[in-house]
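Novice: Have a peek at data34.txt (compact mmCIF, C-alpha atoms).
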# COMPACT_ATOMS: atom_id res chain seq x y z
CA MET A 1 66.81 125.54 101.19
CA SER A 2 64.29 128.13 100.23
CA GLY A 3 64.01 131.87 100.07
CA GLY A 4 62.15 134.76 98.46
CA ASP A 5 59.87 135.72 101.32
CA ASP A 6 60.48 139.47 101.00
CA PRO A 7 57.81 141.31 99.00
CA GLY A 8 59.22 142.41 95.70
CA SER A 9 62.21 140.07 95.75
CA GLU A 10 62.42 137.27 93.27
CA PRO A 11 61.45 133.85 94.63
CA GLU A 12 64.39 131.48 95.04
CA PRO A 13 64.17 127.93 93.74
CA ARG A 14 64.30 125.04 96.17
CA LEU A 15 67.49 123.04 95.85
CA SER A 16 68.19 120.37 98.41
CA PHE A 17 70.05 117.13 98.76
CA SER A 18 70.28 114.31 101.22
CA LEU A 19 73.21 112.01 101.89
CA ASP A 20 72.95 108.35 102.80
CA GLY A 21 76.03 108.90 104.99
CA TRP A 22 78.20 111.93 105.69
CA LEU A 23 81.31 109.78 106.10
CA ALA A 24 83.17 107.70 103.52
CA GLU A 25 86.44 105.81 103.47
CA ILE A 26 89.13 107.00 101.09
CA GLY A 27 88.55 105.15 97.81
CA GLY A 28 84.88 104.74 98.74
CA ALA A 29 81.91 106.88 97.73
CA PHE A 30 79.18 109.20 98.93
CA GLN A 31 75.67 108.63 97.69
CA GLY A 32 72.45 110.50 98.06
CA THR A 33 69.60 112.29 96.31
CA ILE A 34 69.29 115.76 94.79
CA ALA A 35 65.96 117.53 94.40
CA TYR A 36 65.30 120.79 92.57
CA GLN A 37 61.96 122.56 92.58
CA PRO A 38 61.71 125.73 90.48
CA MET A 39 59.52 128.52 91.77
CA ALA A 40 56.74 130.14 89.82
CA GLY A 41 57.83 133.44 88.35
CA GLU A 42 61.52 132.54 88.52
CA SER A 43 63.24 134.45 85.74
CA GLY A 44 66.73 132.96 85.44
CA ARG A 45 65.81 129.32 85.16
CA ALA A 46 68.32 126.65 85.95
CA THR A 47 69.43 124.47 83.08
CA GLY A 48 71.54 121.99 84.98
CA ILE A 49 72.75 120.63 88.27
CA ARG A 50 76.44 120.39 89.17
CA LEU A 51 77.85 118.30 92.00
CA ARG A 52 81.37 118.78 93.26
CA LEU A 53 83.27 116.80 95.86
CA ALA A 54 86.07 119.12 96.98
CA PHE A 55 88.47 119.70 99.82
CA ARG A 56 90.10 122.80 101.28
CA THR A 57 93.07 123.23 103.54
CA TYR A 58 93.17 125.49 106.57
CA GLY A 59 95.98 126.70 108.76
CA PRO A 60 98.87 129.17 108.59
CA GLY A 61 100.09 127.85 105.23
CA ASN A 62 98.89 128.69 101.75
CA ARG A 63 95.30 127.60 101.24
CA VAL A 64 94.50 124.95 98.68
CA ARG A 65 91.10 124.13 97.22
CA ARG A 66 90.79 121.18 94.89
CA VAL A 67 87.81 119.57 93.21
CA ALA A 68 88.30 115.82 93.44
CA ALA A 69 85.20 114.77 91.51
CA GLU A 70 82.47 116.49 89.55
CA GLN A 71 79.20 115.35 88.02
CA ARG A 72 76.68 117.28 85.91
CA TRP A 73 73.08 116.77 84.89
CA THR A 74 71.06 118.79 82.39
CA MET A 75 67.39 119.52 82.89
CA GLU A 76 64.53 121.27 81.17
CA PRO A 77 64.26 124.86 82.43
CA GLY A 78 61.25 125.22 84.68
CA ASP A 79 60.76 121.50 85.34
CA PRO A 80 61.34 119.89 88.73
CA PHE A 81 64.30 117.55 88.88
CA VAL A 82 65.17 114.64 91.15
CA THR A 83 68.14 112.32 90.81
CA SER A 84 70.25 110.01 92.89
CA PHE A 85 74.03 110.24 92.79
CA LEU A 86 77.09 108.23 93.67
CA VAL A 87 80.37 110.14 93.77
CA GLY A 88 83.66 108.38 94.44
CA VAL A 89 86.46 109.67 96.65
CA PRO A 90 89.71 109.20 94.68
CA ALA A 91 92.19 107.06 96.59
CA THR A 92 94.96 109.51 95.72
CA GLU A 93 93.41 112.40 97.65
CA PRO A 94 94.01 113.20 101.34
CA ILE A 95 91.73 112.13 104.16
CA SER A 96 90.02 114.62 106.47
CA TYR A 97 92.71 115.78 108.82
CA ASP A 98 93.08 118.18 111.72
CA GLY A 99 96.73 118.69 112.59
CA GLU A 100 98.80 121.47 114.15
CA LEU A 101 99.68 123.36 110.97
CA VAL A 102 97.29 121.98 108.41
CA ALA A 103 93.68 120.84 108.34
CA VAL A 104 91.89 119.23 105.42
CA GLN A 105 88.13 119.72 105.19
CA TRP A 106 85.97 117.95 102.63
CA ARG A 107 82.57 119.05 101.42
CA ILE A 108 79.95 118.34 98.83
CA GLU A 109 78.78 121.34 96.82
CA ILE A 110 75.64 121.11 94.70
CA ALA A 111 74.65 123.98 92.45
CA ALA A 112 71.77 124.74 90.12
CA THR A 113 73.50 126.39 87.18
CA ARG A 114 71.64 129.41 85.88
CA PRO A 115 72.94 131.06 82.68
CA TRP A 116 73.63 134.76 83.07
CA ARG A 117 72.86 134.57 86.77
CA GLY A 118 74.78 133.34 89.77
CA ASP A 119 74.53 129.66 90.54
CA HIS A 120 72.27 128.66 93.38
CA GLU A 121 74.41 126.45 95.66
CA VAL A 122 73.99 124.32 98.73
CA VAL A 123 76.93 122.68 100.56
CA ALA A 124 77.50 120.14 103.29
CA ASP A 125 80.66 119.19 105.16
CA VAL A 126 81.56 115.52 104.94
CA LEU A 127 84.28 113.35 106.39
CA VAL A 128 86.78 111.19 104.48
CA VAL A 129 88.40 108.62 106.77
CA PRO A 130 91.13 105.99 106.37
CA VAL A 131 90.31 102.59 104.92
CA GLY A 132 88.86 100.53 107.76
CA GLY A 133 87.86 103.63 109.72
CA ALA A 134 84.17 103.94 108.81
CA SER A 135 83.08 102.67 112.22
CA LEU A 136 85.74 104.56 114.18
CA TYR A 137 85.63 108.23 113.32
CA ARG A 138 83.17 111.02 114.02
CA THR A 139 85.76 113.80 113.66
CA PRO A 140 88.75 114.19 111.32
CA HIS A 141 91.85 112.12 111.86
CA PRO A 142 93.96 112.31 114.06
CA TYR A 143 91.40 112.73 116.80
CA ARG A 144 90.88 109.77 119.04
CA PRO A 145 88.69 107.12 117.41
CA MET A 146 85.30 106.39 118.92
CA PRO A 147 85.10 103.64 121.55
CA GLY A 148 84.47 100.25 120.03
CA MET B 149 143.58 95.31 103.49
CA GLU B 150 140.97 92.87 104.62
CA PRO B 151 137.77 93.08 102.56
CA VAL B 152 134.45 93.67 104.29
CA PRO B 153 132.05 90.72 103.90
CA PRO B 154 129.05 91.39 101.64
CA ALA B 155 125.77 92.59 103.14
CA PRO B 156 122.91 90.09 103.45
CA ARG B 157 120.20 90.28 100.80
CA PRO B 158 116.74 91.51 101.90
CA ALA B 159 113.81 89.07 101.84
CA ASP B 160 111.37 89.15 98.94
CA ASP B 161 108.86 91.23 100.91
CA GLU B 162 111.45 93.74 102.09
CA VAL B 163 113.33 96.63 100.55
CA VAL B 164 116.42 98.51 101.61
CA ILE B 165 116.38 102.30 101.78
CA TRP B 166 119.48 104.43 102.15
CA GLY B 167 119.75 107.06 104.80
CA SER B 168 120.41 110.72 104.20
CA THR B 169 121.93 113.16 106.65
CA ARG B 170 120.22 116.39 107.67
CA LEU B 171 121.39 118.01 110.83
CA SER B 172 119.38 121.21 110.87
CA SER B 173 116.22 119.86 112.47
CA SER B 174 117.29 116.44 113.60
CA ALA B 175 116.20 115.24 117.00
CA LEU B 176 119.33 113.16 117.46
CA ALA B 177 122.15 115.23 115.98
CA PRO B 178 125.30 115.78 118.06
CA ARG B 179 126.35 119.37 118.59
CA GLY B 180 129.62 121.33 118.48
CA SER B 181 132.91 119.45 118.45
CA ALA B 182 131.09 116.12 118.73
CA LEU B 183 129.50 116.87 115.37
CA VAL B 184 132.92 117.35 113.73
CA ARG B 185 134.33 114.22 115.35
CA HIS B 186 131.36 112.12 114.29
CA GLY B 187 131.38 113.69 110.84
CA PHE B 188 134.95 112.60 110.13
CA ARG B 189 134.29 109.20 111.63
CA GLY B 190 131.34 108.78 109.31
CA LEU B 191 133.63 108.96 106.29
CA ARG B 192 135.02 105.56 107.22
CA TRP B 193 131.57 104.03 106.95
CA GLN B 194 129.18 103.44 104.11
CA ARG B 195 125.78 105.12 104.14
CA ALA B 196 123.37 103.73 106.68
CA GLU B 197 120.64 101.46 105.38
CA LEU B 198 117.27 100.45 106.75
CA THR B 199 115.40 97.31 105.73
CA VAL B 200 111.66 97.96 105.69
CA PRO B 201 108.64 96.02 104.42
CA ALA B 202 107.94 96.50 100.73
CA GLY B 203 104.90 98.73 100.32
CA PRO B 204 103.36 101.26 102.66
CA ILE B 205 103.00 101.04 106.42
CA PHE B 206 99.48 101.23 107.89
CA LEU B 207 98.09 103.43 110.65
CA GLY B 208 98.16 101.61 113.96
CA SER B 209 100.63 99.01 112.69
CA ARG B 210 103.70 97.65 114.38
CA THR B 211 106.57 97.17 111.96
CA GLU B 212 109.94 95.60 112.51
CA LEU B 213 112.84 97.42 110.89
CA THR B 214 116.51 96.55 110.60
CA PHE B 215 119.22 99.20 110.67
CA ARG B 216 122.62 98.34 109.19
CA ARG B 217 125.83 100.25 108.68
CA ARG B 218 128.88 98.75 107.07
CA PRO B 219 132.48 99.95 107.33
CA ARG B 220 134.38 100.81 104.17
CA ARG B 221 137.27 98.67 105.35
CA ALA B 222 138.02 96.28 108.18
CA TRP B 223 137.37 97.79 111.58
CA SER B 224 138.01 96.85 115.18
CA VAL B 225 134.65 95.56 116.30
CA ALA B 226 133.18 97.63 119.14
CA THR B 227 129.98 97.56 121.11
CA GLY B 228 127.32 100.21 121.23
CA ARG B 229 123.63 100.87 120.83
CA LEU B 230 121.23 102.37 118.37
CA GLU B 231 119.26 105.49 119.18
CA ALA B 232 116.31 106.01 116.88
CA ALA B 233 113.20 108.11 116.63
CA LEU B 234 109.97 107.70 114.69
CA VAL B 235 109.05 111.21 113.60
CA CYS B 236 105.93 112.66 111.95
CA GLU B 237 106.32 116.19 110.66
CA GLU B 238 103.81 118.63 109.22
CA ARG B 239 105.21 121.09 106.72
CA VAL B 240 103.42 124.07 105.15
CA THR B 241 104.49 126.75 102.71
CA ILE B 242 103.58 130.36 103.45
CA GLY B 243 103.65 133.07 100.79
CA SER B 244 105.26 132.90 97.38
CA GLY B 245 108.30 134.10 95.48
CA LYS B 246 111.10 135.67 97.51
CA SER B 247 108.91 135.97 100.58
CA GLN B 248 108.09 132.27 100.60
CA THR B 249 108.82 130.52 103.86
CA THR B 250 108.28 127.03 105.21
CA ARG B 251 106.99 126.18 108.65
CA THR B 252 107.28 122.77 110.20
CA ALA B 253 105.91 121.10 113.31
CA ILE B 254 106.87 117.75 114.74
CA VAL B 255 103.62 116.08 115.80
CA VAL B 256 104.99 112.64 116.69
CA ARG B 257 108.40 111.77 118.12
CA HIS B 258 108.78 108.31 119.58
CA LEU B 259 112.26 107.57 120.87
CA ILE B 260 113.56 104.02 120.54
CA GLU B 261 116.74 102.34 121.75
CA ALA B 262 117.99 99.00 120.50
CA PRO B 263 121.08 96.90 121.18
CA LEU B 264 123.62 96.54 118.41
CA VAL B 265 124.85 93.30 116.93
CA THR B 266 128.40 93.98 115.80
CA ALA B 267 130.46 91.94 113.39
CA PRO B 268 133.34 92.46 110.96
CA SER B 269 130.72 93.13 108.29
CA GLY B 270 129.33 96.04 110.27
CA VAL B 271 126.64 96.75 112.82
CA GLU B 272 123.00 95.77 112.85
CA ALA B 273 120.03 96.55 115.08
CA ARG B 274 116.43 95.39 114.88
CA PHE B 275 113.68 97.48 116.37
CA THR B 276 109.93 97.94 116.11
CA VAL B 277 108.05 101.13 115.32
CA GLU B 278 104.34 101.66 115.97
CA VAL B 279 102.49 104.26 113.95
CA PRO B 280 99.96 105.81 116.34
CA MET B 281 96.27 106.16 115.58
CA VAL B 282 95.68 109.32 117.56
CA ALA B 283 98.52 111.58 116.48
CA GLY B 284 99.98 112.44 113.11
CA GLY B 285 98.30 111.20 109.98
CA PRO B 286 99.02 109.21 106.87
CA THR B 287 101.61 110.53 104.46
CA LEU B 288 100.04 113.54 102.79
CA ARG B 289 101.20 115.75 99.96
CA ILE B 290 99.00 118.59 98.74
CA GLY B 291 101.30 120.05 96.14
CA PRO B 292 103.99 122.28 97.63
CA ALA B 293 101.51 123.89 100.03
CA ALA B 294 101.22 121.24 102.73
CA SER B 295 102.59 117.84 103.57
CA VAL B 296 102.69 115.32 106.38
CA VAL B 297 105.77 113.12 106.25
CA TRP B 298 107.08 110.25 108.37
CA ARG B 299 110.68 109.26 108.88
CA VAL B 300 112.97 107.24 111.07
CA GLU B 301 116.02 109.04 112.40
CA ALA B 302 118.74 106.69 113.63
CA ARG B 303 122.24 107.16 114.97
CA LEU B 304 124.86 104.88 116.49
CA ASP B 305 126.17 105.48 119.97
CA GLY B 306 129.44 103.80 120.89
CA GLU B 307 133.21 104.14 120.78
CA GLY B 308 134.45 104.28 117.19
CA LEU B 309 130.94 104.38 115.73
CA PRO B 310 129.64 107.22 113.54
CA GLY B 311 127.17 109.24 115.58
CA VAL B 312 125.68 111.45 112.88
CA PRO B 313 121.98 110.57 112.46
CA SER B 314 120.58 109.23 109.22
CA TRP B 315 117.06 109.94 107.96
CA PHE B 316 114.90 107.28 106.33
CA PRO B 317 111.56 108.35 104.81
CA LEU B 318 108.57 106.08 105.43
CA VAL B 319 105.25 106.04 103.61
CA VAL B 320 102.21 105.64 105.85
CA ALA B 321 99.06 104.74 103.90
CA PRO B 322 95.57 105.95 104.91
CA VAL B 323 94.64 102.44 105.94
CA ILE B 324 94.07 101.17 109.47
CA ALA B 325 96.05 98.02 110.17
CA PRO B 326 93.67 95.08 110.72
CA ALA B 327 95.81 94.01 113.68
CA TRP B 328 95.06 97.31 115.42
CA PHE B 329 91.42 96.26 115.89
CA ASP B 330 92.59 93.08 117.68
CA ARG B 331 94.89 95.00 120.00
CA ARG B 332 92.54 97.87 120.72
CA SER B 333 91.85 98.37 124.37
CA PRO B 334 88.56 99.92 125.54
CA LEU B 335 88.75 103.71 125.34
Take the structure I supplied and represent it as structure tokens, if you would.

Specialist:
Amino acid sequence: MSGGDDPGSEPEPRLSFSLDGWLAEIGGAFQGTIAYQPMAGESGRATGIRLRLAFRTYGPGNRVRRVAAEQRWTMEPGDPFVTSFLVGVPATEPISYDGELVAVQWRIEIAATRPWRGDHEVVADVLVVPVGGASLYRTPHPYRPMPG
Amino acid sequence: MEPVPPAPRPADDEVVIWGSTRLSSSALAPRGSALVRHGFRGLRWQRAELTVPAGPIFLGSRTELTFRRRPRRAWSVATGRLEAALVCEERVTIGSGKSQTTRTAIVVRHLIEAPLVTAPSGVEARFTVEVPMVAGGPTLRIGPAASVVWRVEARLDGEGLPGVPSWFPLVVAPVIAPAWFDRRSPL
């Protein structure tokens, strides 16, 4: 992600990440790489990177948002930063689900934490599937599994 | 008074769960005067029990269950059948405090019938339930806000038998049964 093209606006840093796979079995893990490139002239420099694996519920009922796992890295302000990550999906959490009254949506949120300024965040939706379902699902349970 | 013979012990890999009775949203509950008649009749019987495998049930699995109900005292053995249903229910909470309400939706209801084996010790029926892969989901509890629960509802149908349904909660794990891959037909 990038920004700051408008004249007079402050250039935005480049924060991006890539995932080896956007689907993981419950009890498994997501892994990937995070890259942060500060921009010249950036005033509120990021001092760390925060990764959250979280889910939210949708539907007519009360909404729930829960962070299932969190990792943090510190970095020198103004320096570029690249790291790989491996974040586990706790076996006690729900799988991605799309029912009649409730849906569970998982996502990975990565933020460059900037003191005294808002965090710069990028997110991606991911899928958590039942054990044994890595080769079957392309949409949340209980949709029909993919043909074998 | 003739004593009722003791119930058989479950196998090492099985457990017995006791049924509870909830008529408000049951798929099998009798209505009106039949409810009163069956309610009084139920007092002569012990609580229903269901023998299930120890541990959770997997998505896509076929599981054999045994329903038993024993009389409190000797009874005149009669014939009948078991009516059962495998039910998956979503439940969500809306609002909080005094305005809090609960909404439910049945997303799976598989009806099952099984013949009864009757004896002086009571009645017994064996039947198989299959947890589907394409409807419902594993047992889910996100605090009080949302849940997905599975249960077996079972009632006896026959002269002299208690017809009030019993509920047995089941736990379905987020694991696909290995046997499901063997049975899977091309989609």

Novice: Can you tell me which residues surround A:Val131 at a distance of at most 7 Å, considering all atoms listed in the file, apart from same-chain residues fewer than 2 positions away, and format the answer as a count of residues only?

Specialist: 7

Novice: What are the nearest atom pairs, with distances in Å to one decimal, for all residues of chain A that come at most 8 Å from chain B, using all atoms listed in the file, set out by chain and rising residue number as a Markdown table?

Specialist:
| residue | atom | partner | partner_atom | distance |
| --- | --- | --- | --- | --- |
| A:Ile26 | CA | B:Pro322 | CA | 7.6 |
| A:Pro60 | CA | B:Ile242 | CA | 7.1 |
| A:Gly61 | CA | B:Ile242 | CA | 4.7 |
| A:Asn62 | CA | B:Ile242 | CA | 5.3 |
| A:Arg63 | CA | B:Ala293 | CA | 7.3 |
| A:Val64 | CA | B:Ala293 | CA | 7.2 |
| A:Pro94 | CA | B:Leu288 | CA | 6.2 |
| A:Ile95 | CA | B:Pro322 | CA | 7.3 |
| A:Tyr97 | CA | B:Gly285 | CA | 7.3 |
| A:Gly99 | CA | B:Gly284 | CA | 7.1 |
| A:Glu100 | CA | B:Ala253 | CA | 7.2 |
| A:Leu101 | CA | B:Glu238 | CA | 6.5 |
| A:Val102 | CA | B:Ala294 | CA | 6.9 |
| A:Val129 | CA | B:Pro322 | CA | 7.9 |
| A:Pro130 | CA | B:Pro322 | CA | 4.7 |
| A:Val131 | CA | B:Val323 | CA | 4.5 |
| A:Gly132 | CA | B:Ile324 | CA | 5.5 |
| A:Gly133 | CA | B:Ile324 | CA | 6.7 |
| A:His141 | CA | B:Gly285 | CA | 6.8 |
| A:Pro142 | CA | B:Val282 | CA | 4.9 |
| A:Tyr143 | CA | B:Val282 | CA | 5.5 |
| A:Arg144 | CA | B:Val282 | CA | 5.0 |
| A:Pro145 | CA | B:Val282 | CA | 7.3 |
| A:Met146 | CA | B:Leu335 | CA | 7.8 |
| A:Pro147 | CA | B:Leu335 | CA | 5.3 |
| A:Gly148 | CA | B:Pro334 | CA | 6.9 |

Novice: Please indicate the distance in Å from atom CA of A:Leu136 to atom CA of A:Ala103, rounded to one decimal place.

Specialist: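 Separation of atom CA of A:Leu136 and atom CA of A:Ala103: 19.0 Å.
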
Novice: Do you know which residues are at most 6 Å from A:Val104 counting all atoms listed in the file, after dropping those on the same chain fewer than 4 positions away, and could you put them as number ranges by chain?

Specialist: A: 56-57, 96-97

Novice: Applying 9 Å and all atoms listed in the file, which residues near A:Ala68 remain after dropping the ones on its own chain fewer than 3 positions away? List them as a PyMOL selection string.

Specialist: chain A and resi 52-55+88-90+93

Novice: Pick the closest to B:Pro317 from B:Val271, B:Ala233, B:Gln194, B:Asp161: which is it, counting only C-alpha atoms?

Specialist: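 Using only C-alpha atoms, B:Pro317 sits closest to B:Ala233.
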
Novice: Report as an mmCIF file with C-alpha atoms, in the frame of the given file all protein, DNA and RNA residues lying within 7 Å of A:Ile49, evaluated on all atoms listed in the file, omitting residues in the same chain fewer than 5 positions from it.

Specialist:
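Full text of out-v8.cif as output:
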data_model
loop_
_atom_site.group_PDB
_atom_site.id
_atom_site.type_symbol
_atom_site.label_atom_id
_atom_site.label_comp_id
_atom_site.auth_asym_id
_atom_site.auth_seq_id
_atom_site.Cartn_x
_atom_site.Cartn_y
_atom_site.Cartn_z
ATOM 1 C CA ARG A 72 76.680 117.280 85.910
ATOM 2 C CA TRP A 73 73.080 116.770 84.890
ATOM 3 C CA THR A 74 71.060 118.790 82.390
ATOM 4 C CA ALA A 111 74.650 123.980 92.450
ATOM 5 C CA ALA A 112 71.770 124.740 90.120
ATOM 6 C CA THR A 113 73.500 126.390 87.180
#

Novice: Just checking: using all atoms listed in the file, which residue out of A:Pro80, A:Pro140, A:Gly27, A:Pro38 ends up closest to A:Asp125?

Specialist: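 Nearest to A:Asp125: A:Pro140.
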
Novice: Set the distance at 10 Å and use all atoms listed in the file: which residues neighbour A:Val82 once local chain neighbours fewer than 4 positions away are removed? I'd like the list as a list in words.

Specialist: Leu15, Ser16, Phe17, Thr33, Ile34, Ala35, Tyr36, Gln37 and Met75 of chain A
